[in-house]
Structure formats: structure tokens, C-alpha cells
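A.B. asks: Provided herewith: run24.pdb, PDB, C-alpha atoms.
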MODEL        1
ATOM      1  CA  MET A   1     -18.973  19.958  17.506  1.00  0.00           C
ATOM      2  CA  THR A   2     -15.998  22.307  17.624  1.00  0.00           C
ATOM      3  CA  ALA A   3     -12.605  21.160  16.333  1.00  0.00           C
ATOM      4  CA  GLU A   4     -11.258  21.144  19.898  1.00  0.00           C
ATOM      5  CA  ALA A   5     -14.145  19.048  21.218  1.00  0.00           C
ATOM      6  CA  ARG A   6     -13.866  16.629  18.307  1.00  0.00           C
ATOM      7  CA  THR A   7     -10.150  16.148  18.902  1.00  0.00           C
ATOM      8  CA  GLU A   8     -10.789  15.511  22.603  1.00  0.00           C
ATOM      9  CA  ALA A   9     -13.471  12.947  21.740  1.00  0.00           C
ATOM     10  CA  LEU A  10     -11.073  11.086  19.477  1.00  0.00           C
ATOM     11  CA  HIS A  11      -8.840  10.344  22.447  1.00  0.00           C
ATOM     12  CA  ALA A  12     -11.584   9.564  24.949  1.00  0.00           C
ATOM     13  CA  LEU A  13     -11.393   6.348  26.950  1.00  0.00           C
ATOM     14  CA  GLN A  14     -13.671   3.484  26.009  1.00  0.00           C
ATOM     15  CA  PRO A  15     -16.271   2.234  28.559  1.00  0.00           C
ATOM     16  CA  ASP A  16     -13.938  -0.613  29.560  1.00  0.00           C
ATOM     17  CA  GLY A  17     -11.189   1.870  30.434  1.00  0.00           C
ATOM     18  CA  SER A  18      -9.010   1.096  27.421  1.00  0.00           C
ATOM     19  CA  ALA A  19      -7.280   3.889  25.543  1.00  0.00           C
ATOM     20  CA  TRP A  20      -8.425   2.931  22.054  1.00  0.00           C
ATOM     21  CA  PRO A  21      -9.620   5.967  20.114  1.00  0.00           C
ATOM     22  CA  MET A  22     -13.360   6.487  19.921  1.00  0.00           C
ATOM     23  CA  PRO A  23     -14.445   6.707  16.263  1.00  0.00           C
ATOM     24  CA  PRO A  24     -16.511   9.742  15.286  1.00  0.00           C
ATOM     25  CA  GLN A  25     -20.023   9.029  14.036  1.00  0.00           C
ATOM     26  CA  ASP A  26     -19.101  10.123  10.511  1.00  0.00           C
ATOM     27  CA  GLY A  27     -15.682   8.433  10.506  1.00  0.00           C
ATOM     28  CA  TYR A  28     -12.159   9.786  10.763  1.00  0.00           C
ATOM     29  CA  THR A  29     -10.644  12.344   8.461  1.00  0.00           C
ATOM     30  CA  THR A  30      -7.027  11.974   7.357  1.00  0.00           C
ATOM     31  CA  ASP A  31      -6.009  14.898   9.580  1.00  0.00           C
ATOM     32  CA  GLU A  32      -7.529  13.144  12.603  1.00  0.00           C
ATOM     33  CA  PHE A  33      -6.039   9.811  11.565  1.00  0.00           C
ATOM     34  CA  PHE A  34      -2.490  11.151  11.519  1.00  0.00           C
ATOM     35  CA  SER A  35      -2.990  12.748  14.948  1.00  0.00           C
ATOM     36  CA  LEU A  36      -3.856   9.444  16.645  1.00  0.00           C
ATOM     37  CA  ASP A  37      -1.467   7.141  18.486  1.00  0.00           C
ATOM     38  CA  LEU A  38      -2.140   3.888  16.608  1.00  0.00           C
ATOM     39  CA  PRO A  39      -0.442   0.509  16.138  1.00  0.00           C
ATOM     40  CA  PRO A  40       2.062   0.421  13.268  1.00  0.00           C
ATOM     41  CA  HIS A  41       0.634   0.050   9.747  1.00  0.00           C
ATOM     42  CA  THR A  42      -2.938   0.972  10.670  1.00  0.00           C
ATOM     43  CA  GLU A  43      -4.819   2.184   7.576  1.00  0.00           C
ATOM     44  CA  LEU A  44      -7.727   4.560   7.051  1.00  0.00           C
ATOM     45  CA  ILE A  45     -10.302   3.356   4.524  1.00  0.00           C
ATOM     46  CA  ASP A  46     -13.673   5.070   4.155  1.00  0.00           C
ATOM     47  CA  GLY A  47     -13.099   6.808   7.481  1.00  0.00           C
ATOM     48  CA  SER A  48     -12.596   3.522   9.355  1.00  0.00           C
ATOM     49  CA  LEU A  49      -9.427   2.215  10.980  1.00  0.00           C
ATOM     50  CA  ILE A  50      -8.040  -1.015   9.523  1.00  0.00           C
ATOM     51  CA  PHE A  51      -5.608  -2.874  11.780  1.00  0.00           C
ATOM     52  CA  VAL A  52      -2.968  -5.238  10.445  1.00  0.00           C
ATOM     53  CA  SER A  53      -2.902  -8.873  11.541  1.00  0.00           C
ATOM     54  CA  PRO A  54       0.391 -10.734  12.102  1.00  0.00           C
ATOM     55  CA  GLN A  55       1.937 -11.405   8.693  1.00  0.00           C
ATOM     56  CA  ARG A  56       3.126 -14.694   7.195  1.00  0.00           C
ATOM     57  CA  LYS A  57       6.780 -15.187   6.297  1.00  0.00           C
ATOM     58  CA  PHE A  58       5.818 -15.112   2.611  1.00  0.00           C
ATOM     59  CA  HIS A  59       4.560 -11.550   3.003  1.00  0.00           C
ATOM     60  CA  THR A  60       7.847 -10.356   4.530  1.00  0.00           C
ATOM     61  CA  LEU A  61      10.012 -12.149   1.967  1.00  0.00           C
ATOM     62  CA  ALA A  62       7.913 -10.960  -0.975  1.00  0.00           C
ATOM     63  CA  MET A  63       8.133  -7.358   0.176  1.00  0.00           C
ATOM     64  CA  TYR A  64      11.912  -7.654   0.463  1.00  0.00           C
ATOM     65  CA  LEU A  65      12.187  -9.324  -2.963  1.00  0.00           C
ATOM     66  CA  PHE A  66      10.187  -6.610  -4.727  1.00  0.00           C
ATOM     67  CA  GLU A  67      11.797  -3.746  -2.840  1.00  0.00           C
ATOM     68  CA  GLN A  68      15.283  -4.925  -3.794  1.00  0.00           C
ATOM     69  CA  GLY A  69      14.229  -5.857  -7.319  1.00  0.00           C
ATOM     70  CA  LEU A  70      12.699  -2.455  -8.002  1.00  0.00           C
ATOM     71  CA  ARG A  71      15.714  -0.636  -6.578  1.00  0.00           C
ATOM     72  CA  THR A  72      18.059  -2.263  -9.102  1.00  0.00           C
ATOM     73  CA  THR A  73      16.427  -0.521 -12.081  1.00  0.00           C
ATOM     74  CA  VAL A  74      14.470   2.432 -10.655  1.00  0.00           C
ATOM     75  CA  PRO A  75      15.305   5.677 -12.528  1.00  0.00           C
ATOM     76  CA  GLU A  76      17.044   8.499 -10.678  1.00  0.00           C
ATOM     77  CA  HIS A  77      13.903  10.658 -10.571  1.00  0.00           C
ATOM     78  CA  LEU A  78      11.932   7.975  -8.679  1.00  0.00           C
ATOM     79  CA  ARG A  79      12.187   6.334  -5.247  1.00  0.00           C
ATOM     80  CA  VAL A  80      11.059   2.943  -3.874  1.00  0.00           C
ATOM     81  CA  ARG A  81       9.470   3.030  -0.421  1.00  0.00           C
ATOM     82  CA  ARG A  82       7.731   0.439   1.732  1.00  0.00           C
ATOM     83  CA  GLU A  83       4.803   0.676   4.143  1.00  0.00           C
ATOM     84  CA  MET A  84       4.114   4.395   3.818  1.00  0.00           C
ATOM     85  CA  ALA A  85       0.603   5.871   3.887  1.00  0.00           C
ATOM     86  CA  VAL A  86      -0.826   7.407   0.723  1.00  0.00           C
ATOM     87  CA  VAL A  87      -3.536  10.048   1.099  1.00  0.00           C
ATOM     88  CA  LEU A  88      -6.218   9.413  -1.523  1.00  0.00           C
ATOM     89  CA  GLY A  89      -8.912  11.691  -0.142  1.00  0.00           C
ATOM     90  CA  ARG A  90     -10.402  13.242   2.980  1.00  0.00           C
ATOM     91  CA  ARG A  91     -11.153   9.850   4.578  1.00  0.00           C
ATOM     92  CA  GLN A  92      -8.728   7.593   2.721  1.00  0.00           C
ATOM     93  CA  ALA A  93      -5.148   6.816   3.773  1.00  0.00           C
ATOM     94  CA  PRO A  94      -4.246   3.220   2.910  1.00  0.00           C
ATOM     95  CA  GLU A  95      -0.714   1.927   3.300  1.00  0.00           C
ATOM     96  CA  PRO A  96       0.497  -0.039   0.266  1.00  0.00           C
ATOM     97  CA  ASP A  97       3.189  -2.595   0.933  1.00  0.00           C
ATOM     98  CA  LEU A  98       5.412  -0.806  -1.580  1.00  0.00           C
ATOM     99  CA  VAL A  99       5.185   2.373  -3.609  1.00  0.00           C
ATOM    100  CA  VAL A 100       7.275   4.030  -6.274  1.00  0.00           C
ATOM    101  CA  VAL A 101       7.110   7.793  -5.831  1.00  0.00           C
ATOM    102  CA  THR A 102       8.742  10.853  -7.355  1.00  0.00           C
ATOM    103  CA  ALA A 103      12.008  12.014  -5.840  1.00  0.00           C
ATOM    104  CA  GLU A 104      10.511  15.481  -5.341  1.00  0.00           C
ATOM    105  CA  ALA A 105       7.826  14.000  -3.094  1.00  0.00           C
ATOM    106  CA  ASP A 106      10.420  12.182  -1.006  1.00  0.00           C
ATOM    107  CA  ALA A 107      12.568  15.096   0.112  1.00  0.00           C
ATOM    108  CA  ASP A 108      11.514  15.319   3.770  1.00  0.00           C
ATOM    109  CA  GLN A 109      13.002  12.726   6.138  1.00  0.00           C
ATOM    110  CA  THR A 110      10.258  13.368   8.714  1.00  0.00           C
ATOM    111  CA  GLN A 111       7.273  12.828   6.429  1.00  0.00           C
ATOM    112  CA  THR A 112       4.676  10.168   7.224  1.00  0.00           C
ATOM    113  CA  ARG A 113       2.659  10.075   3.987  1.00  0.00           C
ATOM    114  CA  TYR A 114       2.605  10.700   0.258  1.00  0.00           C
ATOM    115  CA  ARG A 115      -0.037  12.252  -1.961  1.00  0.00           C
ATOM    116  CA  ALA A 116      -1.705  10.059  -4.585  1.00  0.00           C
ATOM    117  CA  GLU A 117      -0.418  12.289  -7.388  1.00  0.00           C
ATOM    118  CA  ASP A 118       3.164  11.552  -6.307  1.00  0.00           C
ATOM    119  CA  VAL A 119       2.735   7.765  -6.621  1.00  0.00           C
ATOM    120  CA  LEU A 120       3.513   5.969  -9.888  1.00  0.00           C
ATOM    121  CA  LEU A 121       3.121   2.375  -8.668  1.00  0.00           C
ATOM    122  CA  ALA A 122       1.382   0.775  -5.688  1.00  0.00           C
ATOM    123  CA  VAL A 123       2.096  -2.853  -4.734  1.00  0.00           C
ATOM    124  CA  GLU A 124       0.015  -5.011  -2.409  1.00  0.00           C
ATOM    125  CA  VAL A 125       1.106  -8.451  -1.196  1.00  0.00           C
ATOM    126  CA  VAL A 126      -2.036 -10.417  -0.355  1.00  0.00           C
ATOM    127  CA  SER A 127      -2.515 -11.758   3.163  1.00  0.00           C
ATOM    128  CA  PRO A 128      -5.457 -13.929   4.259  1.00  0.00           C
ATOM    129  CA  ASP A 129      -7.082 -11.002   6.085  1.00  0.00           C
ATOM    130  CA  SER A 130      -6.458  -8.460   3.305  1.00  0.00           C
ATOM    131  CA  GLU A 131      -7.518 -10.395   0.202  1.00  0.00           C
ATOM    132  CA  GLU A 132     -10.795  -8.583  -0.422  1.00  0.00           C
ATOM    133  CA  ARG A 133      -9.281  -5.157   0.241  1.00  0.00           C
ATOM    134  CA  ASP A 134      -6.245  -5.839  -1.948  1.00  0.00           C
ATOM    135  CA  GLN A 135      -8.160  -7.171  -4.947  1.00  0.00           C
ATOM    136  CA  ASP A 136     -11.235  -4.944  -4.792  1.00  0.00           C
ATOM    137  CA  THR A 137     -11.370  -2.008  -2.364  1.00  0.00           C
ATOM    138  CA  LYS A 138      -7.841  -0.687  -2.690  1.00  0.00           C
ATOM    139  CA  PRO A 139      -7.402  -0.931  -6.469  1.00  0.00           C
ATOM    140  CA  ARG A 140     -10.703   0.883  -7.005  1.00  0.00           C
ATOM    141  CA  LYS A 141      -9.529   3.698  -4.757  1.00  0.00           C
ATOM    142  CA  TYR A 142      -6.013   3.779  -6.210  1.00  0.00           C
ATOM    143  CA  ALA A 143      -7.446   3.999  -9.723  1.00  0.00           C
ATOM    144  CA  ALA A 144      -9.933   6.713  -8.754  1.00  0.00           C
ATOM    145  CA  ALA A 145      -7.029   8.705  -7.280  1.00  0.00           C
ATOM    146  CA  GLY A 146      -5.083   8.424 -10.550  1.00  0.00           C
ATOM    147  CA  ILE A 147      -2.267   6.032  -9.560  1.00  0.00           C
ATOM    148  CA  ARG A 148      -1.166   4.686 -12.932  1.00  0.00           C
ATOM    149  CA  HIS A 149       0.155   1.233 -12.026  1.00  0.00           C
ATOM    150  CA  TYR A 150      -0.940  -1.412  -9.527  1.00  0.00           C
ATOM    151  CA  TRP A 151       0.482  -4.849  -8.725  1.00  0.00           C
ATOM    152  CA  LEU A 152      -1.331  -7.538  -6.754  1.00  0.00           C
ATOM    153  CA  VAL A 153       1.035 -10.220  -5.451  1.00  0.00           C
ATOM    154  CA  ARG A 154      -0.296 -13.633  -4.441  1.00  0.00           C
ATOM    155  CA  MET A 155       1.397 -16.806  -3.230  1.00  0.00           C
ATOM    156  CA  ASP A 156       1.106 -19.488  -5.936  1.00  0.00           C
ATOM    157  CA  GLU A 157       0.997 -23.258  -5.528  1.00  0.00           C
ATOM    158  CA  ASN A 158       4.819 -23.349  -5.381  1.00  0.00           C
ATOM    159  CA  LYS A 159       4.865 -20.844  -2.517  1.00  0.00           C
ATOM    160  CA  ARG A 160       6.317 -18.230  -4.877  1.00  0.00           C
ATOM    161  CA  PRO A 161       4.941 -14.827  -5.914  1.00  0.00           C
ATOM    162  CA  ALA A 162       2.433 -14.633  -8.750  1.00  0.00           C
ATOM    163  CA  VAL A 163       2.226 -10.993  -9.837  1.00  0.00           C
ATOM    164  CA  HIS A 164      -0.959  -9.594 -11.376  1.00  0.00           C
ATOM    165  CA  THR A 165      -0.096  -6.301 -13.079  1.00  0.00           C
ATOM    166  CA  PHE A 166      -2.583  -3.526 -13.900  1.00  0.00           C
ATOM    167  CA  GLU A 167      -2.422  -0.181 -15.678  1.00  0.00           C
ATOM    168  CA  LEU A 168      -4.848   2.699 -15.392  1.00  0.00           C
ATOM    169  CA  ASP A 169      -7.190   2.971 -18.390  1.00  0.00           C
ATOM    170  CA  PRO A 170      -7.813   6.701 -18.974  1.00  0.00           C
ATOM    171  CA  HIS A 171     -11.068   5.947 -20.809  1.00  0.00           C
ATOM    172  CA  THR A 172     -12.732   3.908 -18.060  1.00  0.00           C
ATOM    173  CA  GLY A 173     -10.926   5.373 -15.049  1.00  0.00           C
ATOM    174  CA  GLY A 174     -10.290   1.839 -13.789  1.00  0.00           C
ATOM    175  CA  TYR A 175      -7.415  -0.617 -13.967  1.00  0.00           C
ATOM    176  CA  ALA A 176      -6.938  -2.850 -16.996  1.00  0.00           C
ATOM    177  CA  PRO A 177      -5.047  -6.141 -16.412  1.00  0.00           C
ATOM    178  CA  THR A 178      -1.758  -6.319 -18.299  1.00  0.00           C
ATOM    179  CA  GLY A 179      -0.499  -9.757 -17.249  1.00  0.00           C
ATOM    180  CA  ILE A 180       0.053 -12.486 -14.696  1.00  0.00           C
ATOM    181  CA  HIS A 181       3.706 -13.251 -14.052  1.00  0.00           C
ATOM    182  CA  HIS A 182       5.263 -16.423 -12.633  1.00  0.00           C
ATOM    183  CA  ASP A 183       8.954 -17.155 -12.042  1.00  0.00           C
ATOM    184  CA  ARG A 184      10.077 -13.894 -13.670  1.00  0.00           C
ATOM    185  CA  LEU A 185       8.636 -10.382 -13.718  1.00  0.00           C
ATOM    186  CA  LYS A 186       9.935  -8.592 -16.803  1.00  0.00           C
ATOM    187  CA  LEU A 187       8.283  -5.298 -17.752  1.00  0.00           C
ATOM    188  CA  ALA A 188       8.933  -2.153 -19.761  1.00  0.00           C
ATOM    189  CA  VAL A 189       6.492   0.015 -17.768  1.00  0.00           C
ATOM    190  CA  PRO A 190       6.395   1.979 -15.538  1.00  0.00           C
ATOM    191  CA  PHE A 191      10.160   1.544 -16.170  1.00  0.00           C
ATOM    192  CA  THR A 192      12.412  -1.365 -17.112  1.00  0.00           C
ATOM    193  CA  ILE A 193      11.937  -4.077 -14.494  1.00  0.00           C
ATOM    194  CA  ASP A 194      13.419  -7.580 -14.320  1.00  0.00           C
ATOM    195  CA  ILE A 195      12.872  -9.526 -11.094  1.00  0.00           C
ATOM    196  CA  ASP A 196      13.600 -13.232 -10.633  1.00  0.00           C
ATOM    197  CA  LEU A 197      10.596 -14.360  -8.613  1.00  0.00           C
ATOM    198  CA  THR A 198      12.210 -17.723  -7.807  1.00  0.00           C
ATOM    199  CA  GLU A 199      14.782 -15.814  -5.765  1.00  0.00           C
ATOM    200  CA  ILE A 200      12.309 -15.915  -2.883  1.00  0.00           C
ATOM    201  CA  ASP A 201      13.382 -19.562  -2.353  1.00  0.00           C
ATOM    202  CA  ARG A 202      16.877 -18.342  -1.474  1.00  0.00           C
ATOM    203  CA  LEU A 203      16.019 -15.481   0.862  1.00  0.00           C
TER     204      LEU A 203
ENDMDL
END
For the structure just supplied, provide its representation as C-alpha cells.

C.D. replies:
Amino acid sequence: MTAEARTEALHALQPDGSAWPMPPQDGYTTDEFFSLDLPPHTELIDGSLIFVSPQRKFHTLAMYLFEQGLRTTVPEHLRVRREMAVVLGRRQAPEPDLVVVTAEADADQTQTRYRAEDVLLAVEVVSPDSEERDQDTKPRKYAAAGIRHYWLVRMDENKRPAVHTFELDPHTGGYAPTGIHHDRLKLAVPFTIDIDLTEIDRL
């Protein structure tokens, strides 16, 4: 199939007349993914489109808490961004809830994605529909792409964030757990971080 024909097929109507894109037999590439008109926060994983379900209030509040908390201590050469796609490979473009990226990678106001090598930290806040992806699929792909730090945020029994922190092990190529944090997240890496997790009760 020529590139032109493949692009046309991506936008073909479904049998029921809807305008949803028709997936190629071998899955989407990242170039095709970014050319599609898709609902906000759609992800590309293994060439397949992953659509986001309506989020709980906890998810929204946790994202705000961590975004603001990271911004208070982030060094000048880094930036904190939320809900931006990260290209991990030819058929991989997940969208972490939060990322910390280099300032050099964040220079263009029109950009829609970052490269994996520009990301220092990826944060995922678990939702009921994303639990398996957030604790298994995504961290494996983030680690394989060389992203050094990963946080998995869950809602604990007190309806507050419990933060599982991971760091890339250069010997295994996978993430090694470095802690589980309740009430307060205080870290020295990837930079000095001090976030009061109980603050979510007052948001």
C-alpha cells in the first residue's frame, strides 16, 4: 500500500457510517497517530489506540497536587508538564499524567509530544480502567525507552495518594522500587522534592 493510500484508509468511514479511524492491519505508527483527529488524551500503545474513560475526582486532584508540588522545587533546567504524549518508539506514544522534561525539549509552544530521551520522570495516577497499563505495560515501556524515574500513584484507604517510586536499574534495564510514600513525599532524586500528600484533603 502506498503512503497516500494508507493515509486515506486511516480516515475511511466505518460500515455504520461513523467517522472513527479504521485501524491498519499492522497497527498505527506514531506518524499516523499524530495525523488523526482523536478524542483528547488518546494514547498509542503497541500500535493500538487507547481511549480515556471519564476520570474520578481523585485523579484530577492528584494531578494538580503533584504538578504544583513538583513546580515548587524543579530546577531551572527542567520543566513540569501534564498530559503530553511521549514517543517511545515507532508504535508507542503513551501520555503520562505528568512528566518532567528538559527545558531544551520544551522550547516550542506548538509541540504535541516529547521524545523519551528528554523525559526524566513519568508519573501515572491510577484509574480503574488504567490499572494494568499503569503498573505493568507502561513502566516496562518507559524503562525500555530509558526514562530514569517512574511514579505510580494510587488512592489509599484514606482517599489520599500513595506514591510508589521507581528508578531505572542500568544492570537489568527495568525499574527497581525505591519506596512507597504516604502522607509526605520527600525525595532527593531526581531532584529535591517535598510534597505534603495530605494537602489533597484541602484542594

A.B. asks: Kindly give the distance, in Å, that separates atom CA of A:Ala103 and atom CA of A:Leu120, rounded to a single decimal.

C.D. replies: 11.2 Å

A.B. asks: Given the PyMOL selection byres ((chain A and resi 190-203) around 8) and the file above, list the residues it selects as a PyMOL selection string.

C.D. replies: chain A and resi 61-62+65-66+69-70+73-75+120-121+149+160-161+182-189

A.B. asks: For the structure provided, state which residues fall under the PyMOL selection byres ((chain A and resi 41) around 8), and present them as a PyMOL selection string.

C.D. replies: chain A and resi 39-40+42-43+51-52+83+95

A.B. asks: If we count all atoms listed in the file, what is near A:Gly27 at a cut-off of 9 Å, once residues fewer than 3 positions away on the same chain are taken out, given as a ChimeraX atom specification?

C.D. replies: /A:23-24,46-49,91

A.B. asks: Spell out the residues picked by the PyMOL selection byres ((chain A and resi 126) around 8) here, as a list of chain:residue names.

C.D. replies: A:His59, A:Glu124, A:Val125, A:Ser127, A:Pro128, A:Ser130, A:Glu131, A:Asp134, A:Leu152, A:Val153, A:Arg154, A:Met155

A.B. asks: What does the file look like for those residues with C-alpha atoms, as a PDB file, keeping the file's coordinate frame?

C.D. replies:
ATOM      1  CA  HIS A  59       4.560 -11.550   3.003  1.00  0.00           C
ATOM      2  CA  GLU A 124       0.015  -5.011  -2.409  1.00  0.00           C
ATOM      3  CA  VAL A 125       1.106  -8.451  -1.196  1.00  0.00           C
ATOM      4  CA  SER A 127      -2.515 -11.758   3.163  1.00  0.00           C
ATOM      5  CA  PRO A 128      -5.457 -13.929   4.259  1.00  0.00           C
ATOM      6  CA  SER A 130      -6.458  -8.460   3.305  1.00  0.00           C
ATOM      7  CA  GLU A 131      -7.518 -10.395   0.202  1.00  0.00           C
ATOM      8  CA  ASP A 134      -6.245  -5.839  -1.948  1.00  0.00           C
ATOM      9  CA  LEU A 152      -1.331  -7.538  -6.754  1.00  0.00           C
ATOM     10  CA  VAL A 153       1.035 -10.220  -5.451  1.00  0.00           C
ATOM     11  CA  ARG A 154      -0.296 -13.633  -4.441  1.00  0.00           C
ATOM     12  CA  MET A 155       1.397 -16.806  -3.230  1.00  0.00           C
TER      13      MET A 155
END

A.B. asks: Taking 2 positions as the minimum chain separation for residues in the same chain, which residues sit within 9 Å of A:Gly179 when counting all atoms listed in the file? Answer as JSON, numbers by chain.

C.D. replies: {"A": [163, 164, 165, 166, 177, 181]}

A.B. asks: For A:Pro94, which residue among A:Thr110, A:Thr178, A:Thr30, A:Gln135 is the nearest when counting all atoms listed in the file?

C.D. replies: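 Once distances to A:Pro94 are computed over all atoms listed in the file, the minimum belongs to A:Thr30.
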
A.B. asks: Quick one, how far is atom CA of A:Pro96 from atom CA of A:Met84?

C.D. replies: 6.7 Å

A.B. asks: Under the rule that only C-alpha atoms are counted, which of A:Pro54, A:Met63, A:Val80, A:Tyr175 is the nearest residue to A:Asp136?

C.D. replies: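 Result for the nearest residue to A:Asp136: A:Tyr175.
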
A.B. asks: I'd like the neighbourhood of A:Lys141 as a list in words, where a residue qualifies if any of its atoms comes within 8 Å (using all atoms listed in the file), though same-chain residues fewer than 4 positions away should be ignored.

C.D. replies: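 Near A:Lys141, the qualifying residues are Leu88, Thr137 and Ala145 of chain A.
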
A.B. asks: Which value, in Å to one decimal, gives the distance between atom CA of A:Ala144 and atom CA of A:Gly174?

C.D. replies: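 Between atom CA of A:Ala144 and atom CA of A:Gly174 the gap works out to 7.0 Å.
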
A.B. asks: Give the answer as one residue: which of A:Ile50, A:Ala176, A:Val87, A:Ile45 has the shortest atom-to-atom distance to A:Arg115, using all atoms listed in the file?

C.D. replies: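 The shortest atom-to-atom distance to A:Arg115 comes from A:Val87.
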
A.B. asks: Compare A:Tyr114, A:Leu98, A:Phe34, A:Asp108 by their minimum atom-to-atom distance to A:Trp151, counting all atoms listed in the file, and give me the closest one.

C.D. replies: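 Looking at the shortest contact to A:Trp151, the residue is A:Leu98.
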